[in-house]
Each structure stands twice: as structure tokens, then as C-alpha cells.
Amino acid sequence: QVQLVESGGGSVQPGGSLRLSCAASTDTFSSYCMGWFRQAPGKEREGVAFIAPAGHITYYVDSVKGRFTISRDNTENTLYLQMNSLKPEDTAMYYCAAVPSPTPWSGPLCTVSGNYNYWGQGTQVTVSS
């Protein structure tokens, strides 16, 4: 069982930045693909960024490319999402999630939200002037 706890959300003006963190309660953190997902009111949940267990491969959806950076510290069992140039359409509840990965990277495994079986409780991000 993996417990995930997000933090770092808040309210910012358009163009601002936030850094989300996700602390994982597992000694095998480095064996999990990790992802950041978001869900806005009335919309379906979407994956925004994913990272390989060792951190050497990342994947972003087009809407956040060049603005968001996913990273991880396997020595601290922590996942991060640096969000820059925030837009009102980035407003959502943000969740981190984990899926065990038997290989260094698998796109079909690590980038599909339905494969993720451990989820945090979420942290709210609001972008508004």
C-alpha cells in the first residue's frame, strides 16, 4: 500500500508559478511510475505529466509543455510539479498517482490514468486575476 500526500497548491495570478509536491510513504518509490493529474469542475480528470521510475524519461500533454516540469527525488520519496506561466485554464484539483512499473519505462503503462492504482487526496490550484 502506498500513501500519497500532495501539497503546494494555492491561488495565483495568471503568469504566476507554483510548485506542487507529493510525498510517498513507501521504501520502493523508485519502482513506481508517477503522474500528475488534474480535474476541473464539470470536466473529466486528465493526466498532465508523467515520469519514469528513475526519472530519466518524462512525458507531458500538449497543453502544459514548456510550462510545467515534473521531477522526482527518489532519495526523499517525493514527486514534484513545477508550474510556470500559469493560465486560468490550469485551475483544477491536482492529484499525484503511482503505478508499479516492472520496466524502466512503458508509455502504455505510465501515461494511462486507468493504470494508476494509488492516488493522493489532491491539492487545489486556482489561477485568477
# chains A, B, ... in the order shown; residues from 1 in each chain; ligands from 1
call {"tool": "residues_around", "arguments": {"residues": "stretch 51-59 of chain A", "least_positions_apart": "2", "cutoff": "8 Å", "atoms": "only C-alpha atoms", "output": "PyMOL selection string"}}
result
chain A and resi 29-35+49+61+70-72+74+101+104-105+110-111
call {"tool": "closest_atom_pairs", "arguments": {"of": "stretch 38-83 of chain A", "to": "stretch 115-126 of chain A", "cutoff": "10 Å", "atoms": "only C-alpha atoms", "output": "Markdown table"}}
result
| residue | atom | partner | partner_atom | distance |
| --- | --- | --- | --- | --- |
| A:Arg38 | CA | A:Gly122 | CA | 8.6 |
| A:Gln39 | CA | A:Gly122 | CA | 9.6 |
| A:Ala40 | CA | A:Gln124 | CA | 9.6 |
call {"tool": "select_by_dssp", "arguments": {"residues": "stretch 3-109 of chain A", "states": "strand (DSSP E or B)", "output": "PyMOL selection string"}}
result
chain A and resi 4-7+10-12+18-24+32-39+46-51+58-60+68-73+78-83+92-100
call {"tool": "atom_distance", "arguments": {"atom1": "atom CA of A:Gly66", "atom2": "atom CA of A:Val99"}}
result
24.9 Å
call {"tool": "residues_around", "arguments": {"residues": "A:Lys87", "least_positions_apart": "6", "cutoff": "9 Å", "atoms": "only C-alpha atoms", "output": "list of chain:residue names"}}
result
A:Gln13, A:Pro14, A:Gly15, A:Gly16, A:Val127, A:Ser128
call {"tool": "closest_residue", "arguments": {"among": "A:Leu4, A:Ala92, A:Leu18, A:Val112", "to": "A:Gly42", "atoms": "only C-alpha atoms"}}
result
A:Ala92
call {"tool": "atom_distance", "arguments": {"atom1": "atom CA of A:Arg67", "atom2": "atom CA of A:Ala23"}}
result
22.3 Å
call {"tool": "closest_residue", "arguments": {"among": "A:Tyr60, A:Phe68, A:Phe50, A:Trp36", "to": "A:Cys22", "atoms": "only C-alpha atoms"}}
result
A:Trp36
call {"tool": "residues_around", "arguments": {"residues": "A:Leu81", "least_positions_apart": "4", "cutoff": "6 Å", "atoms": "only C-alpha atoms", "output": "mmCIF file with N, CA and C atoms, in the first residue's frame"}}
result
data_model
loop_
_atom_site.group_PDB
_atom_site.id
_atom_site.type_symbol
_atom_site.label_atom_id
_atom_site.label_comp_id
_atom_site.auth_asym_id
_atom_site.auth_seq_id
_atom_site.Cartn_x
_atom_site.Cartn_y
_atom_site.Cartn_z
ATOM 1 N N ARG A 19 4.749 25.388 -7.132
ATOM 2 C CA ARG A 19 5.442 24.099 -7.132
ATOM 3 C C ARG A 19 4.674 23.143 -6.246
ATOM 4 N N LEU A 20 4.167 22.089 -6.850
ATOM 5 C CA LEU A 20 3.457 21.057 -6.113
ATOM 6 C C LEU A 20 4.426 19.972 -5.673
ATOM 7 N N THR A 69 7.062 21.295 -15.335
ATOM 8 C CA THR A 69 8.179 20.358 -15.262
ATOM 9 C C THR A 69 7.939 19.370 -14.135
ATOM 10 N N ILE A 70 7.917 18.093 -14.490
ATOM 11 C CA ILE A 70 7.778 17.045 -13.491
ATOM 12 C C ILE A 70 9.167 16.534 -13.128
#
call {"tool": "atom_distance", "arguments": {"atom1": "atom CA of A:Pro102", "atom2": "atom CA of A:Gly47"}}
result
20.8 Å
call {"tool": "closest_residue", "arguments": {"among": "A:Val64, A:Leu109, A:Val48, A:Leu79", "to": "A:Ser21", "atoms": "only C-alpha atoms"}}
result
A:Leu79
call {"tool": "decode", "arguments": {"residues": "stretch 89-106 of chain A", "atoms": "N, CA, C and O atoms", "output": "PDB file, in the first residue's frame"}}
result
ATOM      1  N   GLU A  89      -7.028  28.500 -17.252  1.00  0.00           N
ATOM      2  CA  GLU A  89      -7.480  27.159 -17.599  1.00  0.00           C
ATOM      3  C   GLU A  89      -6.700  26.061 -16.890  1.00  0.00           C
ATOM      4  O   GLU A  89      -7.034  24.884 -17.010  1.00  0.00           O
ATOM      5  N   ASP A  90      -5.653  26.428 -16.152  1.00  0.00           N
ATOM      6  CA  ASP A  90      -4.942  25.444 -15.328  1.00  0.00           C
ATOM      7  C   ASP A  90      -5.632  25.240 -13.980  1.00  0.00           C
ATOM      8  O   ASP A  90      -5.226  24.367 -13.209  1.00  0.00           O
ATOM      9  N   THR A  91      -6.642  26.038 -13.696  1.00  0.00           N
ATOM     10  CA  THR A  91      -7.368  25.900 -12.441  1.00  0.00           C
ATOM     11  C   THR A  91      -8.007  24.529 -12.345  1.00  0.00           C
ATOM     12  O   THR A  91      -8.751  24.107 -13.228  1.00  0.00           O
ATOM     13  N   ALA A  92      -7.693  23.809 -11.263  1.00  0.00           N
ATOM     14  CA  ALA A  92      -8.189  22.444 -11.078  1.00  0.00           C
ATOM     15  C   ALA A  92      -7.692  21.905  -9.747  1.00  0.00           C
ATOM     16  O   ALA A  92      -6.825  22.495  -9.102  1.00  0.00           O
ATOM     17  N   MET A  93      -8.242  20.755  -9.375  1.00  0.00           N
ATOM     18  CA  MET A  93      -7.667  19.979  -8.288  1.00  0.00           C
ATOM     19  C   MET A  93      -6.586  19.113  -8.916  1.00  0.00           C
ATOM     20  O   MET A  93      -6.842  18.431  -9.922  1.00  0.00           O
ATOM     21  N   TYR A  94      -5.405  19.142  -8.319  1.00  0.00           N
ATOM     22  CA  TYR A  94      -4.281  18.376  -8.842  1.00  0.00           C
ATOM     23  C   TYR A  94      -3.999  17.180  -7.937  1.00  0.00           C
ATOM     24  O   TYR A  94      -3.933  17.321  -6.708  1.00  0.00           O
ATOM     25  N   TYR A  95      -3.816  16.033  -8.582  1.00  0.00           N
ATOM     26  CA  TYR A  95      -3.571  14.789  -7.871  1.00  0.00           C
ATOM     27  C   TYR A  95      -2.268  14.161  -8.350  1.00  0.00           C
ATOM     28  O   TYR A  95      -1.951  14.206  -9.541  1.00  0.00           O
ATOM     29  N   CYS A  96      -1.546  13.550  -7.434  1.00  0.00           N
ATOM     30  CA  CYS A  96      -0.447  12.694  -7.856  1.00  0.00           C
ATOM     31  C   CYS A  96      -0.903  11.241  -7.732  1.00  0.00           C
ATOM     32  O   CYS A  96      -1.813  10.917  -6.950  1.00  0.00           O
ATOM     33  N   ALA A  97      -0.274  10.386  -8.512  1.00  0.00           N
ATOM     34  CA  ALA A  97      -0.653   8.984  -8.531  1.00  0.00           C
ATOM     35  C   ALA A  97       0.564   8.124  -8.856  1.00  0.00           C
ATOM     36  O   ALA A  97       1.535   8.619  -9.444  1.00  0.00           O
ATOM     37  N   ALA A  98       0.475   6.856  -8.479  1.00  0.00           N
ATOM     38  CA  ALA A  98       1.596   5.935  -8.653  1.00  0.00           C
ATOM     39  C   ALA A  98       1.113   4.614  -9.224  1.00  0.00           C
ATOM     40  O   ALA A  98      -0.002   4.147  -8.909  1.00  0.00           O
ATOM     41  N   VAL A  99       1.966   4.014 -10.046  1.00  0.00           N
ATOM     42  CA  VAL A  99       1.715   2.673 -10.556  1.00  0.00           C
ATOM     43  C   VAL A  99       3.038   1.923 -10.562  1.00  0.00           C
ATOM     44  O   VAL A  99       4.055   2.449 -11.034  1.00  0.00           O
ATOM     45  N   PRO A 100       3.072   0.691 -10.033  1.00  0.00           N
ATOM     46  CA  PRO A 100       4.337  -0.057 -10.046  1.00  0.00           C
ATOM     47  C   PRO A 100       4.729  -0.381 -11.476  1.00  0.00           C
ATOM     48  O   PRO A 100       3.885  -0.758 -12.299  1.00  0.00           O
ATOM     49  N   SER A 101       6.007  -0.229 -11.775  1.00  0.00           N
ATOM     50  CA  SER A 101       6.494  -0.457 -13.130  1.00  0.00           C
ATOM     51  C   SER A 101       7.573  -1.517 -13.124  1.00  0.00           C
ATOM     52  O   SER A 101       8.620  -1.328 -12.524  1.00  0.00           O
ATOM     53  N   PRO A 102       7.350  -2.637 -13.828  1.00  0.00           N
ATOM     54  CA  PRO A 102       8.361  -3.690 -13.888  1.00  0.00           C
ATOM     55  C   PRO A 102       9.508  -3.377 -14.845  1.00  0.00           C
ATOM     56  O   PRO A 102      10.503  -4.096 -14.874  1.00  0.00           O
ATOM     57  N   THR A 103       9.364  -2.307 -15.641  1.00  0.00           N
ATOM     58  CA  THR A 103      10.396  -1.929 -16.598  1.00  0.00           C
ATOM     59  C   THR A 103      10.814  -0.481 -16.352  1.00  0.00           C
ATOM     60  O   THR A 103      10.100   0.260 -15.689  1.00  0.00           O
ATOM     61  N   PRO A 104      11.953  -0.057 -16.915  1.00  0.00           N
ATOM     62  CA  PRO A 104      12.390   1.333 -16.714  1.00  0.00           C
ATOM     63  C   PRO A 104      11.399   2.360 -17.250  1.00  0.00           C
ATOM     64  O   PRO A 104      11.337   3.482 -16.750  1.00  0.00           O
ATOM     65  N   TRP A 105      10.648   1.996 -18.298  1.00  0.00           N
ATOM     66  CA  TRP A 105       9.639   2.905 -18.830  1.00  0.00           C
ATOM     67  C   TRP A 105       8.725   2.123 -19.759  1.00  0.00           C
ATOM     68  O   TRP A 105       9.177   1.321 -20.564  1.00  0.00           O
ATOM     69  N   SER A 106       7.463   2.408 -19.656  1.00  0.00           N
ATOM     70  CA  SER A 106       6.478   1.874 -20.582  1.00  0.00           C
ATOM     71  C   SER A 106       5.421   2.932 -20.796  1.00  0.00           C
ATOM     72  O   SER A 106       4.663   3.254 -19.874  1.00  0.00           O
TER      73      SER A 106
END
